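Okay, structure.txt now, which holds compact mmCIF, C-alpha atoms and all ligand atoms:
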# COMPACT_ATOMS: atom_id res chain seq x y z
CA MET A 19 2.66 14.29 17.58
CA ALA A 20 5.42 15.79 19.71
CA ASP A 21 3.07 15.61 22.67
CA PHE A 22 2.35 11.97 21.93
CA ILE A 23 6.06 11.16 21.84
CA ASP A 24 6.56 13.00 25.10
CA LYS A 25 3.87 11.02 26.81
CA ILE A 26 4.81 7.54 25.80
CA SER A 27 8.55 8.15 26.02
CA ASN A 28 8.00 8.21 29.75
CA PHE A 29 6.40 4.78 29.41
CA ASN A 30 3.36 6.21 31.04
CA LEU A 31 0.61 5.36 28.61
CA SER A 32 -2.34 6.28 30.74
CA ARG A 33 -5.75 6.88 29.25
CA ARG A 34 -5.53 10.61 29.93
CA ASN A 35 -2.14 10.91 28.26
CA PHE A 36 -3.23 8.85 25.31
CA ILE A 37 -6.22 11.10 24.76
CA LYS A 38 -4.09 14.23 24.94
CA ALA A 39 -1.48 12.75 22.65
CA SER A 40 -4.07 11.74 20.12
CA THR A 41 -5.70 15.15 19.90
CA ALA A 42 -4.11 16.01 16.57
CA ALA A 43 -5.20 12.79 14.93
CA ALA A 44 -8.69 13.02 16.39
CA ALA A 45 -8.99 16.60 15.20
CA SER A 46 -8.19 15.65 11.63
CA LEU A 47 -10.73 12.85 11.79
CA SER A 48 -13.35 15.20 13.13
CA LEU A 49 -12.89 17.41 10.09
CA VAL A 50 -13.74 14.42 7.96
CA GLY A 51 -16.68 13.57 10.14
CA CYS A 52 -18.15 17.06 10.20
CA ALA A 53 -18.80 17.20 6.47
CA ASN A 54 -22.33 15.98 6.29
CA THR A 55 -23.77 17.05 3.00
CA LEU A 56 -23.12 17.04 -0.70
CA MET A 57 -25.64 19.29 -2.37
CA PRO A 58 -25.75 21.18 -5.65
CA ALA A 59 -24.67 24.78 -5.17
CA SER A 60 -28.15 26.02 -6.01
CA THR A 61 -29.69 24.15 -3.07
CA ASN A 62 -26.77 24.39 -0.74
CA PRO A 63 -27.37 26.86 2.08
CA ALA A 64 -23.63 27.41 2.12
CA ALA A 65 -23.70 28.64 -1.50
CA ASN A 66 -23.39 32.27 -0.52
CA GLN A 67 -20.58 31.64 1.86
CA GLU A 68 -16.97 31.93 0.88
CA GLU A 69 -15.68 28.94 -1.07
CA LYS A 70 -12.07 28.00 -1.12
CA TRP A 71 -10.25 25.18 -2.88
CA VAL A 72 -7.44 23.94 -0.66
CA THR A 73 -4.77 21.39 -1.44
CA VAL A 74 -5.08 18.31 0.74
CA ALA A 75 -3.09 15.13 1.10
CA CYS A 76 -4.31 11.83 -0.24
CA TRP A 77 -4.48 10.13 3.11
CA HIS A 78 -4.15 6.68 1.60
CA ASN A 79 -0.53 7.77 1.29
CA CYS A 80 0.43 4.96 -1.08
CA GLY A 81 3.45 7.02 -2.03
CA GLY A 82 1.98 8.39 -5.21
CA ARG A 83 1.70 11.87 -3.75
CA CYS A 84 -1.11 12.71 -6.15
CA LEU A 85 -2.79 16.03 -5.90
CA ASN A 86 -6.15 16.27 -4.23
CA LYS A 87 -8.10 19.42 -3.58
CA ALA A 88 -11.04 20.04 -1.32
CA LEU A 89 -13.65 22.75 -1.70
CA VAL A 90 -14.16 24.16 1.76
CA VAL A 91 -17.20 26.25 2.62
CA ASP A 92 -17.49 27.60 6.12
CA GLY A 93 -15.02 25.04 7.39
CA VAL A 94 -16.79 22.12 5.71
CA VAL A 95 -15.43 20.10 2.81
CA ILE A 96 -18.16 19.86 0.22
CA ARG A 97 -16.38 18.74 -2.93
CA GLN A 98 -13.17 17.20 -4.13
CA LYS A 99 -11.15 17.37 -7.33
CA THR A 100 -7.68 16.55 -8.52
CA ASP A 101 -4.82 18.19 -10.42
CA ASP A 102 -5.96 20.96 -12.73
CA THR A 103 -3.05 23.29 -12.11
CA HIS A 104 -1.85 23.16 -15.70
CA PRO A 105 -2.82 21.65 -19.06
CA ASP A 106 -2.06 17.95 -19.35
CA SER A 107 0.81 17.19 -21.72
CA PRO A 108 3.30 14.35 -22.25
CA ASP A 109 6.14 16.51 -21.00
CA PHE A 110 4.27 17.88 -18.02
CA PRO A 111 1.49 15.43 -17.12
CA GLN A 112 -1.02 16.36 -14.48
CA GLN A 113 -0.56 14.45 -11.24
CA ARG A 114 -4.15 13.25 -11.22
CA ALA A 115 -5.43 11.10 -8.42
CA CYS A 116 -6.46 7.49 -9.01
CA PRO A 117 -10.00 6.26 -8.28
CA ARG A 118 -8.93 5.31 -4.76
CA GLY A 119 -7.74 8.84 -4.06
CA ARG A 120 -10.78 10.41 -5.61
CA SER A 121 -13.10 8.15 -3.69
CA GLN A 122 -11.89 9.68 -0.46
CA ARG A 123 -14.91 11.90 -0.64
CA GLN A 124 -16.95 8.79 0.07
CA GLN A 125 -15.14 8.60 3.37
CA ILE A 126 -16.49 12.07 4.01
CA PHE A 127 -19.89 11.98 2.36
CA GLY A 128 -20.72 8.28 2.19
CA THR A 129 -23.79 7.34 4.16
CA ASP A 130 -22.06 4.20 5.42
CA ARG A 131 -18.90 5.97 6.51
CA LEU A 132 -17.53 5.36 9.98
CA ARG A 133 -18.84 8.22 12.11
CA TYR A 134 -17.92 7.14 15.61
CA PRO A 135 -15.86 4.45 17.33
CA MET A 136 -17.33 0.97 17.34
CA LYS A 137 -16.23 -2.36 18.69
CA ARG A 138 -17.29 -5.94 18.33
CA LYS A 139 -19.95 -6.64 20.91
CA ASN A 140 -18.14 -9.66 22.34
CA TRP A 141 -14.66 -8.23 22.17
CA ASN A 142 -13.13 -7.21 25.46
CA PRO A 143 -9.68 -5.87 26.19
CA GLY A 144 -7.19 -8.38 27.44
CA ASP A 145 -8.14 -11.55 25.67
CA GLY A 146 -9.39 -10.71 22.20
CA GLY A 147 -12.88 -11.84 23.11
CA LYS A 148 -14.58 -14.70 21.34
CA ARG A 149 -12.37 -15.23 18.33
CA GLU A 150 -14.86 -17.51 16.65
CA LEU A 151 -17.17 -14.50 16.32
CA ARG A 152 -14.74 -12.53 14.21
CA GLY A 153 -16.51 -11.46 11.07
CA ARG A 154 -19.89 -12.49 12.48
CA ASP A 155 -20.21 -10.50 15.66
CA GLU A 156 -22.42 -7.45 16.07
CA TRP A 157 -20.87 -4.00 16.18
CA VAL A 158 -21.76 -1.63 18.99
CA ARG A 159 -21.07 2.05 19.37
CA ILE A 160 -18.61 3.15 22.05
CA SER A 161 -17.42 6.55 23.19
CA TRP A 162 -14.13 8.10 22.14
CA GLU A 163 -12.96 7.84 25.74
CA GLU A 164 -13.69 4.14 25.77
CA ALA A 165 -12.01 3.62 22.40
CA LEU A 166 -8.87 5.42 23.49
CA ASP A 167 -8.86 3.48 26.75
CA HIS A 168 -8.90 0.25 24.76
CA VAL A 169 -6.11 1.32 22.44
CA ALA A 170 -3.88 2.47 25.28
CA SER A 171 -4.48 -0.56 27.48
CA GLU A 172 -4.04 -3.00 24.60
CA ILE A 173 -0.74 -1.45 23.52
CA LYS A 174 0.50 -1.74 27.09
CA ARG A 175 -0.76 -5.31 27.43
CA ILE A 176 0.76 -6.45 24.15
CA LYS A 177 4.10 -4.87 24.94
CA GLU A 178 4.21 -6.42 28.40
CA THR A 179 3.08 -9.85 27.17
CA TYR A 180 4.88 -10.22 23.86
CA GLY A 181 7.44 -7.42 23.68
CA ASN A 182 7.76 -4.47 21.36
CA LYS A 183 8.33 -6.62 18.29
CA SER A 184 4.71 -7.67 18.42
CA ILE A 185 3.52 -4.11 17.74
CA LEU A 186 3.19 -3.39 14.04
CA ALA A 187 3.69 0.29 13.31
CA LYS A 188 2.33 1.17 9.93
CA SER A 189 3.08 4.78 10.63
CA SER A 190 3.96 6.94 13.62
CA THR A 191 6.99 4.73 14.04
CA GLN A 192 8.86 7.53 15.76
CA ALA A 193 6.30 7.68 18.54
CA LEU A 194 6.50 3.96 19.14
CA ASN A 195 10.29 4.07 19.02
CA ALA A 196 10.02 6.27 22.08
CA TYR A 197 7.93 3.51 23.64
CA GLY A 198 10.63 0.90 23.12
CA GLY A 199 10.27 0.24 19.38
CA ALA A 200 7.95 -1.63 17.08
CA MET A 201 7.96 -3.78 13.98
CA THR A 202 8.21 -1.34 11.12
CA PHE A 203 6.17 -2.25 8.15
CA TRP A 204 9.09 -2.59 5.77
CA GLY A 205 10.11 -5.59 7.82
CA CYS A 206 6.87 -7.49 7.46
CA THR A 207 5.25 -9.36 4.62
CA SER A 208 3.11 -6.42 3.62
CA ASP A 209 5.44 -3.59 2.82
CA GLY A 210 8.44 -5.86 3.07
CA ALA A 211 7.32 -8.02 0.18
CA TRP A 212 5.45 -5.39 -1.74
CA PRO A 213 7.91 -2.62 -2.66
CA LYS A 214 10.22 -4.79 -4.72
CA PRO A 215 7.53 -6.28 -6.98
CA GLN A 216 6.00 -2.81 -7.11
CA GLN A 217 9.31 -1.37 -8.16
CA PHE A 218 10.50 -4.00 -10.58
CA MET A 219 7.38 -5.82 -11.74
CA ASN A 220 4.44 -3.50 -11.43
CA GLY A 221 6.07 -0.35 -12.71
CA GLY A 222 4.66 1.65 -9.90
CA ARG A 223 6.34 4.26 -7.86
CA SER A 224 10.05 4.55 -8.19
CA ARG A 225 11.97 3.46 -5.17
CA GLY A 226 15.45 3.45 -6.53
CA SER A 227 14.37 2.22 -9.94
CA ASN A 228 14.34 4.37 -13.02
CA ASP A 229 11.93 7.23 -12.94
CA ARG A 230 8.60 6.42 -14.51
CA LEU A 231 9.28 9.20 -17.01
CA ASP A 232 12.00 6.85 -18.31
CA LEU A 233 9.46 4.12 -19.14
CA LYS A 234 9.08 5.42 -22.67
CA ASN A 235 12.70 4.40 -23.32
CA SER A 236 11.94 0.73 -22.55
CA LYS A 237 11.87 -1.98 -25.19
CA LEU A 238 10.00 -4.54 -23.11
CA ILE A 239 7.85 -4.06 -20.02
CA VAL A 240 6.61 -7.03 -18.00
CA LEU A 241 3.72 -6.35 -15.64
CA TRP A 242 3.41 -9.14 -13.11
CA GLY A 243 0.18 -9.33 -11.16
CA ALA A 244 -0.39 -5.66 -11.73
CA ASN A 245 -3.29 -3.57 -12.87
CA PRO A 246 -1.98 0.01 -12.70
CA VAL A 247 -4.78 1.27 -14.91
CA TRP A 248 -7.00 0.69 -11.90
CA SER A 249 -4.59 1.48 -9.15
CA SER A 250 -0.90 1.80 -8.54
CA GLY A 251 1.27 4.03 -6.46
CA GLY A 252 1.68 7.24 -8.39
CA ASN A 253 -0.82 6.25 -11.07
CA PRO A 254 1.73 5.47 -13.82
CA ALA A 255 -0.79 4.32 -16.45
CA TYR A 256 -0.23 7.53 -18.36
CA ASN A 257 3.49 6.80 -18.57
CA PHE A 258 2.85 3.22 -19.68
CA LYS A 259 0.70 4.53 -22.49
CA GLN A 260 3.50 6.84 -23.55
CA ALA A 261 5.87 3.84 -23.53
CA LYS A 262 3.41 1.89 -25.67
CA GLU A 263 3.21 4.72 -28.16
CA ALA A 264 7.02 4.88 -28.20
CA GLY A 265 7.15 1.22 -29.25
CA ALA A 266 7.63 -0.74 -26.03
CA LYS A 267 6.22 -4.28 -25.98
CA PHE A 268 4.14 -5.35 -22.99
CA ILE A 269 3.73 -8.76 -21.39
CA VAL A 270 1.07 -8.93 -18.68
CA VAL A 271 1.07 -11.90 -16.30
CA ASP A 272 -2.21 -12.06 -14.42
CA PRO A 273 -5.02 -14.53 -13.73
CA TYR A 274 -7.54 -12.31 -15.42
CA TYR A 275 -7.53 -10.14 -18.48
CA ASN A 276 -7.55 -6.93 -16.56
CA ASP A 277 -7.93 -3.38 -17.85
CA THR A 278 -4.18 -2.88 -18.04
CA ALA A 279 -3.81 -6.00 -20.18
CA GLN A 280 -6.63 -4.80 -22.41
CA LEU A 281 -4.96 -1.44 -22.87
CA LEU A 282 -1.33 -2.46 -23.17
CA ALA A 283 -0.63 -6.18 -23.55
CA ASP A 284 1.08 -7.54 -26.62
CA GLU A 285 1.01 -10.85 -24.80
CA TRP A 286 -1.16 -11.86 -21.85
CA ILE A 287 -0.01 -14.84 -19.79
CA PRO A 288 -2.84 -16.09 -17.58
CA VAL A 289 -1.74 -17.94 -14.47
CA ARG A 290 -3.76 -19.60 -11.77
CA PRO A 291 -3.82 -17.53 -8.58
CA GLY A 292 -1.01 -18.61 -6.30
CA THR A 293 1.10 -20.22 -9.04
CA ASP A 294 3.11 -17.22 -10.11
CA THR A 295 6.04 -18.04 -7.83
CA ALA A 296 6.25 -21.47 -9.48
CA LEU A 297 6.18 -19.76 -12.85
CA LEU A 298 8.99 -17.40 -11.81
CA LEU A 299 11.08 -20.32 -10.55
CA GLY A 300 10.49 -22.22 -13.79
CA ILE A 301 11.61 -19.19 -15.79
CA ALA A 302 14.68 -18.81 -13.55
CA HIS A 303 15.52 -22.51 -14.04
CA TYR A 304 15.27 -22.16 -17.80
CA MET A 305 17.42 -19.02 -17.77
CA ILE A 306 20.10 -20.55 -15.54
CA THR A 307 20.34 -23.86 -17.37
CA ASN A 308 20.45 -22.11 -20.74
CA ASN A 309 22.91 -19.48 -19.55
CA LEU A 310 20.53 -16.63 -20.38
CA HIS A 311 21.16 -14.65 -17.22
CA ASP A 312 23.67 -11.83 -16.85
CA GLN A 313 26.24 -13.38 -14.50
CA GLU A 314 28.46 -10.33 -14.62
CA PHE A 315 25.61 -8.09 -13.46
CA LEU A 316 24.63 -10.52 -10.70
CA ASP A 317 28.23 -10.81 -9.48
CA LYS A 318 28.55 -7.06 -9.30
CA TYR A 319 25.16 -5.96 -7.93
CA CYS A 320 23.40 -8.88 -6.22
CA ALA A 321 23.88 -10.79 -3.01
CA GLY A 322 22.57 -14.30 -2.60
CA PHE A 323 22.36 -15.47 -6.19
CA ASP A 324 25.00 -18.16 -5.84
CA ALA A 325 27.21 -19.67 -3.15
CA ASP A 326 30.08 -17.34 -3.98
CA HIS A 327 28.01 -14.21 -3.39
CA MET A 328 26.21 -14.74 -0.12
CA PRO A 329 25.83 -12.09 2.57
CA ALA A 330 28.33 -12.34 5.40
CA GLY A 331 27.30 -14.96 7.91
CA ALA A 332 24.68 -16.61 5.67
CA ASP A 333 24.75 -20.32 4.93
CA PRO A 334 26.23 -20.66 1.40
CA LYS A 335 23.83 -23.54 0.74
CA GLU A 336 20.87 -21.16 0.93
CA ASN A 337 21.71 -19.39 -2.31
CA PHE A 338 19.05 -18.88 -4.95
CA LYS A 339 20.77 -20.69 -7.80
CA ASP A 340 21.18 -23.96 -5.91
CA TYR A 341 17.59 -23.71 -4.70
CA VAL A 342 16.35 -23.35 -8.27
CA LEU A 343 18.56 -26.18 -9.51
CA GLY A 344 17.57 -28.41 -6.59
CA THR A 345 21.19 -29.01 -5.62
CA TYR A 346 20.43 -29.65 -1.96
CA ASP A 347 16.73 -30.45 -1.81
CA GLY A 348 16.76 -32.74 -4.84
CA GLU A 349 13.92 -30.85 -6.49
CA PRO A 350 14.94 -28.89 -9.57
CA LYS A 351 12.34 -26.16 -10.14
CA THR A 352 11.92 -27.03 -13.77
CA PRO A 353 9.14 -25.51 -15.85
CA LEU A 354 6.24 -27.90 -16.24
CA VAL A 355 5.79 -28.66 -19.89
CA LEU A 356 2.23 -29.71 -20.68
CA GLN A 357 2.07 -32.24 -23.48
S1 LIG A 401 -2.16 6.83 -6.52
FE1 LIG A 401 -4.20 7.07 -5.63
S2 LIG A 401 -4.00 6.39 -3.48
FE2 LIG A 401 -1.92 6.82 -4.27
S3 LIG A 401 -1.51 8.93 -3.69
FE3 LIG A 401 -2.36 8.95 -5.78
S4 LIG A 401 -4.56 9.26 -5.47
FE4 LIG A 401 -3.72 8.60 -3.51
What's the structure tokens form of this structure?
Ligand code: SF4
Amino acid sequence: MADFIDKISNFNLSRRNFIKASTAAAASLSLVGCANTLMPASTNPAANQEEKWVTVACWHNCGGRCLNKALVVDGVVIRQKTDDTHPDSPDFPQQRACPRGRSQRQQIFGTDRLRYPMKRKNWNPGDGGKRELRGRDEWVRISWEEALDHVASEIKRIKETYGNKSILAKSSTQALNAYGGAMTFWGCTSDGAWPKPQQFMNGGRSRGSNDRLDLKNSKLIVLWGANPVWSSGGNPAYNFKQAKEAGAKFIVVDPYYNDTAQLLADEWIPVRPGTDTALLLGIAHYMITNNLHDQEFLDKYCAGFDADHMPAGADPKENFKDYVLGTYDGEPKTPLVLQ
């Protein structure tokens, strides 16, 4: 990584430098790619070789930091398991990986895994190729050299044409900072919009919210468009179950009666996909007009709720309360009452 930063910090993103800078990443991918068999020990020619369980990262890196382990034989990963470092207990739960984390072995062993670089047959650097063929075009194999050439030349082209803001850096932000900066993913609709619902509605990983170990002290838990029994950062389903057993009530808002609702819901509120924002606004309208909200809390901890608490420089008319009440757009966001 340091080498990569060195190279692009000189704004000299040549193919050769890009290849050198990407060596670490390519090496880790090659470890994944070299594992080519999943056989029972009795038929595995590596059975007599030294086996070693090593702790590995979950490279989905959702933030859950769950424990994954790989069984390595002669430098090849042949099996995977999760946390078994201690007995599971409510006070000291195992940090077991979710199905997504455990399915990483499919990225290693799956017959349809990506084994070499490919590109769309009609895609060419510089113009995006025939856009109408996206999703329908054939895929053709290319060499690593060619792939790295494309990545390097496209980053340069995009920067020169649209500026650094047009580069989305999901990770390796530091390296791109040395290349003039990039859009970090907390500033976009993906991770920008996701962490707050994840934190406050989905009960997932704790980013400034109460620790999930505190869930069992809750009286009411609302899960909004969430199915943590299947997948959620940090896999908090175990903690939700503890909260349920401690007496917490659950309301699950989701278009379908998902596994989490089946396990936990005292009340399931089905909504049509895409209508949950309208539902939230209707609830907010009801709360505001019936004075059910905690104005003191909002005054103290929130910016933007009403005209008197807007961030510096913001138009006071753009506050949330007036939007919900329809003060300026003439459209109160009232709940629709079906007769
Ligand atoms: S919750 Fe799943 S994807 Fe996230 S870190 Fe844990 S195993 Fe990986």
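Among the candidate residues A:Lys335, A:Arg83, A:Arg131, A:Arg159, the one lying nearest to Asp347 in chain A is A:Lys335, with distances computed using all atoms listed in the file.
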Taken to one decimal, the CA of Ala255 in chain A-CA of Thr73 in chain A distance is 23.1 Å
Local residues around (13.6, -27.0, -14.9), at most 10 Å away, using all atoms listed in the file, as a ChimeraX atom specification:
/A:299-307,342-344,349-355
Using all atoms listed in the file, which residues of range 103-155 of chain A come within 7 Å of range 161-177 of chain A, and what is the closest atom pair for each, with the distance in Å to one decimal? Give it as JSON lines, sorted by chain and residue number.
{"residue": "A:Pro135", "atom": "CA", "partner": "A:Trp162", "partner_atom": "CA", "distance": 6.3}
{"residue": "A:Pro143", "atom": "CA", "partner": "A:His168", "partner_atom": "CA", "distance": 6.3}
{"residue": "A:Gly144", "atom": "CA", "partner": "A:Glu172", "partner_atom": "CA", "distance": 6.9}
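Proximity to ligand LIG 401 (chain A) was assessed for A:Gln192, A:Ser107, A:Ser121, A:Thr202 counting all atoms listed in the file; the smallest distance is recorded for A:Ser121.
In this model, the gap between CA of Gln260 in chain A and CA of Ala115 in chain A comes to 18.1 Å.
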Quick one: everything within 6 Å of range 232-237 of chain A, counting all atoms listed in the file, minus sequence neighbours fewer than 2 positions away in the same chain. Send it as a CSV table (one decimal) with C-alpha atoms, keeping the file's coordinate frame.
chain,number,residue,atom,x,y,z
A,229,ASP,CA,11.9,7.2,-12.9
A,230,ARG,CA,8.6,6.4,-14.5
A,260,GLN,CA,3.5,6.8,-23.6
A,261,ALA,CA,5.9,3.8,-23.5
A,264,ALA,CA,7.0,4.9,-28.2
A,266,ALA,CA,7.6,-0.7,-26.0
Nearest residue to ligand LIG 401 (chain A) out of A:Cys84, A:Leu310, A:Met328, A:Ala244, using only C-alpha atoms and all ligand atoms?
A:Cys84
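Among A:Trp157, A:Trp248, A:Phe338, A:Phe110, the residue with the shortest atom-to-atom distance to ligand LIG 401 (chain A), counting only C-alpha atoms and all ligand atoms, is A:Trp248.
CA of Pro117 in chain A is found 11.5 Å from CA of Asn86 in chain A.
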Residue among A:Ala75, A:Cys80, A:Met201, A:Leu186 lying closest to ligand LIG 401 (chain A), counting only C-alpha atoms and all ligand atoms
A:Cys80
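Compared by their closest atoms to ligand LIG 401 (chain A), and using only C-alpha atoms and all ligand atoms, the residues A:Phe127, A:Trp141, A:Tyr274, A:Trp77 rank with A:Trp77 nearest.
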Which polymer residues, whether protein, DNA or RNA, lie within 7 Å of the coordinate (17.0, -15.8, -5.6) when you count only C-alpha atoms? List them as an MDAnalysis selection string, using the chain letters and numbers from the file.
chainID A and resid 322:323 337:339
